[in-house]
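Undergrad: Input: one structure, supplied below.
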Amino acid sequence: MQNKTALTIALNGLMYCLLAPILYIMEYYIGGQEIIRMALPLCLLALFFFLVTSCEMLIVRQWKAKNSKILTNGYLMLKMMRLLLSVILLTCYLLLKGPQPLYFAISLLVFYFAAIIFTTIIYVKSERKQTNEKDKK
C-alpha cells in the first residue's frame with residue numbers, strides 16, 4: 001500500500017514537472033518576452049498543487065486504512081478545500097499585483113483541472129479494485 005502511494009505521488013510530481021514547462025513555453029509563445037517574469041510564479045504554483053494533491057492522497061489513504069464512513073463525503077470535502085485554496089491563492093496574487101495576472105489565472109486553472117482529473121482517475125481505480133476484491137470474497 002505504501003509503495004503504491006509513493007508511486008502515485010511520484011507520478012503526481014512528474015505530471016507537474018512536465019506541465020509547468022509546457023505551460024511556460026505556450027505562454028512565452030503567446031505573450032513574448034514579458035512572460036519571463038512568470039517563471040517563478042509558475043514553479044511555485046506547480047509546487048503548491050503538488051503539495052496539496054499529495055497531502056490529499058495521504059489523507060484518503062488514512063481514511064481507507066480505517067475503513068472510514070466519511071470517505072465519499074471526504075472526497076468532496078477535499079475537492080472543495082482545493083477549490084477554496086485556489087481562490088485564496090488567486091486573490092492573494094491579484095492583491096499583491098504579481099506579474100501577468102491573466103496568465104497566472106490561466107495556469108492556475110490548468111493546474112486545478114489537472115489535479116482534479118489526476119485524483120479522480122486514481123480514486124476511481126482504487127474504488128474499482130476494492131469493489132472487485134469484495135466481489136471475489
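Residue numbers start at 1 in each chain; chains themselves are named A, B, ... in the order of the C-alpha cells; ligands are numbered from 1 in the order shown.
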Considering only C-alpha atoms, tabulate each residue of stretch 2-102 of chain A that lies at most 12 Å from stretch 124-136 of chain A along with its nearest interatomic pair and the corresponding distance in Å to one decimal; arrange the rows by chain and ascending residue number and present them as JSON lines.
TA:
```
{"residue": "A:Lys4", "atom": "CA", "partner": "A:Ser126", "partner_atom": "CA", "distance": 10.7}
{"residue": "A:Thr5", "atom": "CA", "partner": "A:Ser126", "partner_atom": "CA", "distance": 11.1}
{"residue": "A:Thr8", "atom": "CA", "partner": "A:Ser126", "partner_atom": "CA", "distance": 11.4}
{"residue": "A:Met57", "atom": "CA", "partner": "A:Ser126", "partner_atom": "CA", "distance": 11.5}
{"residue": "A:Val60", "atom": "CA", "partner": "A:Ser126", "partner_atom": "CA", "distance": 10.8}
{"residue": "A:Arg61", "atom": "CA", "partner": "A:Ser126", "partner_atom": "CA", "distance": 10.3}
{"residue": "A:Lys64", "atom": "CA", "partner": "A:Ser126", "partner_atom": "CA", "distance": 10.0}
{"residue": "A:Asn67", "atom": "CA", "partner": "A:Gln130", "partner_atom": "CA", "distance": 11.3}
{"residue": "A:Leu71", "atom": "CA", "partner": "A:Glu127", "partner_atom": "CA", "distance": 10.8}
{"residue": "A:Thr72", "atom": "CA", "partner": "A:Glu127", "partner_atom": "CA", "distance": 10.7}
{"residue": "A:Tyr75", "atom": "CA", "partner": "A:Val124", "partner_atom": "CA", "distance": 11.3}
```
Undergrad: Take the residues just selected and output them with C-alpha atoms as a PDB file, in the first residue's frame.
TA:
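The resulting file, again13.pdb, is shown below:
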```
ATOM      1  CA  LYS A   4       1.604   2.255  -4.382  1.00  0.00           C
ATOM      2  CA  THR A   5       1.031   5.581  -2.624  1.00  0.00           C
ATOM      3  CA  THR A   8       1.179   7.710  -7.161  1.00  0.00           C
ATOM      4  CA  MET A  57      -3.794  11.348  -1.296  1.00  0.00           C
ATOM      5  CA  VAL A  60      -7.507   9.465   1.727  1.00  0.00           C
ATOM      6  CA  ARG A  61      -5.073   6.583   2.316  1.00  0.00           C
ATOM      7  CA  LYS A  64      -9.220   3.886   3.639  1.00  0.00           C
ATOM      8  CA  ASN A  67     -12.456   1.902   6.628  1.00  0.00           C
ATOM      9  CA  LEU A  71     -14.783   8.521   2.566  1.00  0.00           C
ATOM     10  CA  THR A  72     -17.301   9.751  -0.043  1.00  0.00           C
ATOM     11  CA  TYR A  75     -13.554  13.231  -1.304  1.00  0.00           C
TER      12      TYR A  75
END
```
Undergrad: Fewer than 4 positions away in the same chain doesn't count, so skip those; otherwise give me all residues within 12 Å of A:Met15, counting only C-alpha atoms, as a VMD selection string.
TA: chain A and resid 8 to 11 19 to 22 46 to 47 49 to 50 53 110 to 111 114 to 115 117 to 119
Undergrad: Do you know which residues are at most 12 Å from A:Ile25 counting only C-alpha atoms, after dropping those on the same chain fewer than 5 positions away, and could you put them as an mmCIF file with C-alpha atoms, in the first residue's frame?
TA:
```
data_model
loop_
_atom_site.group_PDB
_atom_site.id
_atom_site.type_symbol
_atom_site.label_atom_id
_atom_site.label_comp_id
_atom_site.auth_asym_id
_atom_site.auth_seq_id
_atom_site.Cartn_x
_atom_site.Cartn_y
_atom_site.Cartn_z
ATOM 1 C CA LEU A 18 6.055 18.219 -17.251
ATOM 2 C CA LEU A 19 3.032 20.511 -17.130
ATOM 3 C CA ALA A 20 4.843 23.621 -15.803
ATOM 4 C CA ILE A 30 1.749 33.829 -26.901
ATOM 5 C CA GLY A 31 2.982 36.621 -24.604
ATOM 6 C CA GLY A 32 6.587 37.125 -25.672
ATOM 7 C CA GLN A 33 9.474 38.418 -23.553
ATOM 8 C CA ILE A 35 6.394 36.205 -19.711
ATOM 9 C CA ILE A 36 9.921 35.627 -18.386
ATOM 10 C CA MET A 38 6.159 34.325 -14.843
ATOM 11 C CA ALA A 39 8.752 31.549 -14.384
ATOM 12 C CA LEU A 42 4.579 29.144 -12.354
ATOM 13 C CA TYR A 103 -1.534 34.135 -17.453
ATOM 14 C CA SER A 107 -2.076 28.495 -15.311
#
```
Undergrad: Interatomic distance between atom CA of A:Leu7 and atom CA of A:Arg82?
TA: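 These two atoms are separated by 21.7 Å.
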Undergrad: Just checking: using only C-alpha atoms, which residue out of A:Leu85, A:Arg37, A:Asn12, A:Cys17 ends up closest to A:Gly98?
TA: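 Ranked by minimum distance to A:Gly98, first place goes to A:Arg37.
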Undergrad: Name the closest residue to A:Leu51 among the candidates A:Tyr16, A:Asn73, A:Tyr24, A:Leu89; distances are taken between atoms, counting only C-alpha atoms.
TA: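 Ranked by minimum distance to A:Leu51, first place goes to A:Tyr16.
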Undergrad: I'd like to know which of A:Glu34, A:Leu14, A:Lys79, A:Ala6 is closest to A:Pro99, using only C-alpha atoms.
TA: A:Glu34
